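S.K.: My file is coords-v8.txt. It has compact mmCIF, C-alpha atoms:
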```
# COMPACT_ATOMS: atom_id res chain seq x y z
CA MET A 1 0.00 0.00 0.00
CA THR A 2 1.40 3.36 -1.02
CA THR A 3 0.72 6.25 1.32
CA VAL A 4 1.62 9.90 0.81
CA ILE A 5 3.72 10.98 3.79
CA GLU A 6 5.35 14.36 4.19
CA PRO A 7 9.12 14.49 4.83
CA GLY A 8 8.54 15.67 8.39
CA TYR A 9 6.44 12.63 9.26
CA THR A 10 9.36 10.38 10.24
CA ALA A 11 10.89 13.05 12.44
CA LEU A 12 7.54 13.63 14.11
CA MET A 13 7.12 9.95 14.82
CA ASP A 14 10.64 9.79 16.29
CA ALA A 15 9.73 12.72 18.51
CA ARG A 16 6.52 10.97 19.47
CA GLN A 17 8.42 7.85 20.52
CA GLU A 18 10.87 9.89 22.56
CA SER A 19 7.96 11.75 24.14
CA SER A 20 6.16 8.51 24.96
CA GLY A 21 9.27 7.10 26.53
CA THR A 22 9.63 10.02 28.91
CA ARG A 23 6.00 10.84 29.59
CA GLY A 24 5.75 8.69 32.65
CA SER A 25 9.20 9.49 34.00
CA GLY A 26 8.67 13.21 34.51
CA LYS A 27 11.59 13.96 32.19
CA GLN A 28 9.63 15.04 29.13
CA PRO A 29 11.00 18.41 27.99
CA ALA A 30 8.82 21.43 28.71
CA ARG A 31 8.57 22.30 25.02
CA ASP A 32 7.22 18.84 24.17
CA ARG A 33 4.72 19.02 27.02
CA ILE A 34 3.44 22.35 25.75
CA VAL A 35 2.94 21.02 22.20
CA ARG A 36 1.11 17.96 23.49
CA SER A 37 -1.06 20.07 25.80
CA ALA A 38 -1.94 22.34 22.89
CA ALA A 39 -3.01 19.28 20.88
CA THR A 40 -5.13 17.98 23.76
CA LEU A 41 -6.85 21.29 24.46
CA VAL A 42 -7.58 22.00 20.79
CA ARG A 43 -9.20 18.57 20.55
CA GLU A 44 -11.41 19.51 23.49
CA ARG A 45 -12.14 23.20 22.90
CA GLY A 46 -11.04 24.22 19.41
CA VAL A 47 -8.37 26.75 18.49
CA HIS A 48 -10.25 29.82 19.72
CA GLY A 49 -11.44 28.07 22.86
CA VAL A 50 -8.01 27.87 24.43
CA GLY A 51 -5.46 30.56 25.24
CA LEU A 52 -1.70 30.38 25.44
CA ARG A 53 -1.65 30.76 29.22
CA GLN A 54 -4.10 27.88 29.54
CA ILE A 55 -1.87 25.70 27.39
CA VAL A 56 1.23 26.49 29.44
CA ALA A 57 -0.63 25.88 32.68
CA HIS A 58 -1.97 22.55 31.39
CA ALA A 59 1.58 21.54 30.46
CA ASP A 60 2.96 22.76 33.78
CA GLY A 61 5.40 24.78 31.71
CA PRO A 62 7.69 27.53 32.95
CA ARG A 63 6.43 31.11 32.78
CA GLY A 64 7.77 33.06 29.85
CA SER A 65 8.51 29.86 27.94
CA LEU A 66 6.24 30.60 24.98
CA GLN A 67 8.32 33.38 23.47
CA ARG A 68 11.48 31.32 23.89
CA TYR A 69 10.08 28.08 22.47
CA PHE A 70 7.53 29.47 20.00
CA PRO A 71 8.61 32.84 18.62
CA GLY A 72 5.87 32.48 15.99
CA GLY A 73 3.25 32.64 18.73
CA LYS A 74 0.03 30.68 18.85
CA THR A 75 0.05 29.89 15.13
CA GLN A 76 3.43 28.17 15.41
CA LEU A 77 2.39 26.25 18.51
CA ILE A 78 -0.91 25.04 17.05
CA THR A 79 0.80 24.12 13.77
CA GLU A 80 3.26 21.92 15.65
CA ALA A 81 0.43 20.41 17.68
CA LEU A 82 -1.47 19.59 14.48
CA LYS A 83 1.58 17.91 13.00
CA LEU A 84 2.00 15.84 16.13
CA VAL A 85 -1.61 14.68 16.14
CA GLY A 86 -1.60 14.19 12.38
CA ALA A 87 1.39 11.88 12.69
CA GLU A 88 -0.35 9.95 15.45
CA VAL A 89 -3.56 9.58 13.43
CA LEU A 90 -1.62 8.27 10.45
CA ASP A 91 0.46 5.96 12.60
CA ASP A 92 -2.55 4.49 14.41
CA THR A 93 -4.48 4.05 11.17
CA GLU A 94 -1.56 2.60 9.22
CA SER A 95 -0.75 0.12 11.99
CA GLY A 96 -4.28 -1.27 11.77
CA LEU A 97 -4.33 -1.26 7.97
CA ILE A 98 -1.12 -3.25 7.79
CA GLU A 99 -2.72 -6.02 9.84
CA ALA A 100 -6.09 -5.88 8.03
CA ALA A 101 -7.03 -8.96 6.02
CA THR A 102 -10.38 -7.78 4.65
CA VAL A 103 -12.10 -4.53 3.77
CA ALA A 104 -14.09 -4.87 7.02
CA ASP A 105 -10.80 -5.05 8.95
CA ALA A 106 -9.59 -1.96 7.09
CA ILE A 107 -12.73 0.01 7.97
CA ASP A 108 -12.33 -1.01 11.61
CA ALA A 109 -8.70 0.13 11.55
CA ILE A 110 -9.86 3.58 10.41
CA PHE A 111 -12.59 3.91 13.04
CA ALA A 112 -11.03 2.14 16.04
CA PRO A 113 -8.56 4.90 17.06
CA TRP A 114 -11.39 7.45 17.20
CA ARG A 115 -13.61 5.16 19.25
CA GLN A 116 -10.74 4.89 21.72
CA VAL A 117 -10.30 8.68 21.81
CA LEU A 118 -14.00 9.20 22.53
CA VAL A 119 -14.23 6.60 25.26
CA GLU A 120 -10.95 7.41 27.01
CA SER A 121 -11.70 11.15 27.03
CA ASN A 122 -15.29 10.62 28.17
CA PHE A 123 -16.43 12.19 24.89
CA THR A 124 -14.58 15.46 25.50
CA MET A 125 -12.07 15.07 22.65
CA GLY A 126 -12.61 14.96 18.90
CA CYS A 127 -10.60 15.57 15.76
CA PRO A 128 -8.26 18.59 16.07
CA LEU A 129 -8.04 18.91 12.29
CA ALA A 130 -11.77 19.55 11.99
CA ALA A 131 -11.67 21.91 14.96
CA THR A 132 -8.85 23.87 13.36
CA VAL A 133 -10.58 24.16 9.99
CA VAL A 134 -13.70 25.53 11.69
CA ASP A 135 -11.82 27.97 13.92
CA ALA A 136 -8.96 29.03 11.67
CA ALA A 137 -10.81 30.27 8.60
CA GLY A 138 -8.85 33.50 8.78
CA ASP A 139 -5.46 31.88 9.36
CA ASP A 140 -4.16 30.52 6.07
CA ARG A 141 -1.19 28.77 7.64
CA LEU A 142 -3.31 26.73 10.03
CA ARG A 143 -5.98 26.03 7.44
CA GLN A 144 -3.40 24.83 4.92
CA GLU A 145 -1.70 22.66 7.54
CA ALA A 146 -5.02 21.04 8.46
CA ARG A 147 -5.86 20.54 4.80
CA ALA A 148 -2.50 18.89 4.09
CA LEU A 149 -2.96 16.47 7.00
CA LEU A 150 -6.51 15.67 5.94
CA ASP A 151 -5.23 15.00 2.42
CA GLN A 152 -2.65 12.55 3.79
CA TRP A 153 -5.30 10.80 5.82
CA ARG A 154 -7.61 10.56 2.80
CA ASP A 155 -4.76 9.23 0.65
CA SER A 156 -4.09 6.52 3.22
CA VAL A 157 -7.75 5.48 3.25
CA HIS A 158 -7.89 5.63 -0.56
CA ALA A 159 -4.86 3.33 -0.86
CA ALA A 160 -6.41 0.86 1.59
CA LEU A 161 -9.68 0.75 -0.34
CA ILE A 162 -7.82 0.04 -3.58
CA LYS A 163 -5.84 -2.70 -1.85
CA PHE A 164 -9.01 -4.47 -0.75
CA GLY A 165 -10.73 -4.34 -4.12
CA VAL A 166 -12.67 -1.10 -4.32
CA GLN A 167 -12.70 0.12 -7.92
CA GLU A 168 -10.21 2.85 -8.71
CA SER A 169 -12.96 4.81 -10.44
CA THR A 170 -14.84 5.20 -7.14
CA ALA A 171 -12.18 4.73 -4.45
CA GLU A 172 -11.21 8.40 -4.20
CA ASP A 173 -14.82 9.49 -3.77
CA ASP A 174 -15.42 6.65 -1.31
CA ALA A 175 -12.43 7.74 0.78
CA SER A 176 -13.62 11.36 0.86
CA VAL A 177 -17.18 10.42 1.79
CA LEU A 178 -15.95 8.01 4.47
CA LEU A 179 -13.82 10.68 6.15
CA ALA A 180 -16.62 13.26 5.90
CA ALA A 181 -19.02 10.80 7.53
CA LEU A 182 -16.45 9.91 10.18
CA GLU A 183 -15.97 13.57 11.12
CA GLY A 184 -19.74 14.01 11.38
CA ALA A 185 -20.03 10.86 13.49
CA LEU A 186 -17.44 12.21 15.91
CA ILE A 187 -19.52 15.36 16.42
CA LEU A 188 -22.72 13.36 16.94
CA SER A 189 -21.00 10.97 19.33
CA ARG A 190 -19.69 13.83 21.43
CA ALA A 191 -23.08 15.53 21.43
CA ASN A 192 -24.86 12.33 22.48
CA GLN A 193 -22.11 11.06 24.80
CA SER A 194 -22.36 7.77 22.96
CA ILE A 195 -20.34 5.79 20.41
CA GLN A 196 -23.54 4.73 18.65
CA PRO A 197 -23.26 7.32 15.82
CA LEU A 198 -19.68 6.21 15.15
CA ASP A 199 -20.71 2.56 15.19
CA THR A 200 -23.60 3.29 12.83
CA VAL A 201 -21.35 4.98 10.27
CA GLN A 202 -18.79 2.19 10.53
CA ARG A 203 -21.46 -0.46 9.91
CA PHE A 204 -22.74 1.45 6.88
CA PHE A 205 -19.34 1.59 5.21
CA THR A 206 -18.45 -1.96 6.19
CA THR A 207 -21.62 -3.24 4.56
CA SER A 208 -21.54 -1.06 1.46
CA LEU A 209 -17.83 -1.49 0.70
CA THR A 210 -17.89 -5.21 1.41
CA GLN A 211 -20.73 -5.55 -1.09
CA ALA A 212 -18.87 -3.38 -3.58
CA THR A 213 -15.71 -5.48 -3.40
CA ALA A 214 -17.69 -8.73 -3.59
CA ASN A 215 -19.59 -7.63 -6.71
CA PRO A 216 -17.77 -4.69 -8.32
CA ALA A 217 -19.59 -5.07 -11.64
CA ALA A 218 -22.89 -4.26 -9.98
CA LEU A 219 -21.65 -0.81 -8.98
CA ALA A 220 -19.64 -0.08 -12.10
CA PRO A 221 -20.54 3.24 -13.76
```
In structure tokens, how does this file's structure come out?
M.R.:
Amino acid sequence: MTTVIEPGYTALMDARQESSGTRGSGKQPARDRIVRSAATLVRERGVHGVGLRQIVAHADGPRGSLQRYFPGGKTQLITEALKLVGAEVLDDTESGLIEAATVADAIDAIFAPWRQVLVESNFTMGCPLAATVVDAAGDDRLRQEARALLDQWRDSVHAALIKFGVQESTAEDDASVLLAALEGALILSRANQSIQPLDTVQRFFTTSLTQATANPAALAP
């Protein structure tokens, strides 16, 4: 399966592994804590719903650290947080797709990380990419960063659908519709404090794409 990955992806994943290795030891650098806290709070409250002081306090960061670590201000910090979360989304999804044996397994690999996010956060956290697009309409840098990460995610899903037999003529549209439905399901799940909307959307795509791969001629244009 071929997936479009930006050059910075590997470095971000290395940083993620280093961060994970120090998270429980209390040795995680203050800068890394601030980036991760920004990612967490944006997932909960959106870009405009969280201030820089709140992020630093959440990270237990030193006062005056923002100017030193992030001279580009909030835009730089949120951009780095988006890249971190984007790398994690791709990593979690790709790990499941590698092990998938059927299109149903592939669909589950796409949805499972988000189900975990919803449950573990008690439905307080969603997709930071969607939150950024909604909040950052006037910030081209953040909007373009979110768009690039969404494109990578869609390309990963598109490649998986092709791998499991979805027709190339429809796979790109199917990947876009799947992600759009997934984002909507995350909002509904948070609103209802229930994973039922996410489960419903997953069942729909599992059924429809399984049927499409079993009988592609029936859905041919």
S.K.: Using only C-alpha atoms, which residues sit within 7 Å of Arg43 in chain A once same-chain residues fewer than 6 positions away are excluded, as a ChimeraX atom specification?
M.R.: /A:125-128,131
S.K.: With distances taken over all atoms listed in the file, which residue among A:Arg115, A:Arg68, A:His158, A:Arg63 lies nearest Ala185 in chain A?
M.R.: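 Closest candidate: A:Arg115.
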S.K.: Using the file's own x, y and z axes, so that the box edges lie along x, y and z, what centre and edge lengths in Å (one decimal) does a box around every listed atom of range 73-88 of chain A get when 5 Å is added on each side? Give it as JSON.
M.R.:
```
{"center_x": 0.9, "center_y": 21.3, "center_z": 15.6, "size_x": 15.0, "size_y": 32.7, "size_z": 16.5}
```
S.K.: Which neighbours of Glu94 in chain A fall inside 10 Å, counting all atoms listed in the file, when residues of the same chain fewer than 4 positions from it are skipped, and could you give them as a CSV table (one decimal) with C-alpha atoms, in the coordinates of the input?
M.R.:
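Below is the file out.csv, written as the result:
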```csv
chain,number,residue,atom,x,y,z
A,1,MET,CA,0.0,0.0,0.0
A,3,THR,CA,0.7,6.2,1.3
A,88,GLU,CA,-0.4,10.0,15.4
A,89,VAL,CA,-3.6,9.6,13.4
A,90,LEU,CA,-1.6,8.3,10.4
A,98,ILE,CA,-1.1,-3.2,7.8
A,99,GLU,CA,-2.7,-6.0,9.8
A,100,ALA,CA,-6.1,-5.9,8.0
A,106,ALA,CA,-9.6,-2.0,7.1
A,109,ALA,CA,-8.7,0.1,11.6
A,110,ILE,CA,-9.9,3.6,10.4
A,153,TRP,CA,-5.3,10.8,5.8
A,156,SER,CA,-4.1,6.5,3.2
A,157,VAL,CA,-7.8,5.5,3.2
A,160,ALA,CA,-6.4,0.9,1.6
```
S.K.: Which distance in Å separates CA of Phe204 in chain A and CA of Asp155 in chain A, to one decimal?
M.R.: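 Distance between the two atoms: 20.6 Å.
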S.K.: Quick one: everything within 8 Å of Phe123 in chain A, counting all atoms listed in the file, minus sequence neighbours fewer than 6 positions away in the same chain. Send it as an NGL selection string.
M.R.: :A and (117 or 189-190 or 193-194)
S.K.: In Å to one decimal, how far is CA of Leu129 in chain A from CA of Ala146 in chain A?
M.R.: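 Atom-to-atom, CA of Ala146 in chain A and CA of Leu129 in chain A are spaced 5.3 Å apart.
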S.K.: Which is closest to Pro113 in chain A among A:Val134, A:Gln144, A:Leu186, A:Glu80, if we use all atoms listed in the file?
M.R.: A:Leu186
S.K.: Which residue out of A:Val103, A:Ala180, A:Ala191, A:Ala136 has the minimum interatomic distance to Thr206 in chain A when only C-alpha atoms are used?
M.R.: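 Once distances to Thr206 in chain A are computed over only C-alpha atoms, the minimum belongs to A:Val103.
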S.K.: With only C-alpha atoms counted, which protein, DNA or RNA residues have an atom no more than 9 Å from (-1.1, 28.0, 23.8) in the file frame? Please answer as a PyMOL selection string.
M.R.: chain A and resi 34-35+37-38+41+50-56+66+73-75+77-78
S.K.: Rounded to one decimal in Å, what is the spacing between CA of Glu172 in chain A and CA of Asp139 in chain A?
M.R.: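 Between CA of Glu172 in chain A and CA of Asp139 in chain A the gap works out to 27.7 Å.
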S.K.: Using all atoms listed in the file for the distances, tell me which of A:Leu118, A:Ala101, A:Val42, A:Gln67 is nearest to Gln196 in chain A.
M.R.: A:Leu118
S.K.: So which residues touch Val201 in chain A within 8 Å, counting only C-alpha atoms, skipping near sequence neighbours fewer than 4 positions away, as a ChimeraX atom specification?
M.R.: /A:181-182,185,197,205
S.K.: Which residue out of A:Asp60, A:Glu145, A:Val47, A:Ile162 has the minimum interatomic distance to Ala175 in chain A when all atoms listed in the file are used?
M.R.: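 Using all atoms listed in the file, Ala175 in chain A sits closest to A:Ile162.
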S.K.: Which residue out of A:Asp174, A:Asp199, A:Asp91, A:Asp105 has the minimum interatomic distance to Gln152 in chain A when only C-alpha atoms are used?
M.R.: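 Of all the options, A:Asp91 lies closest to Gln152 in chain A.
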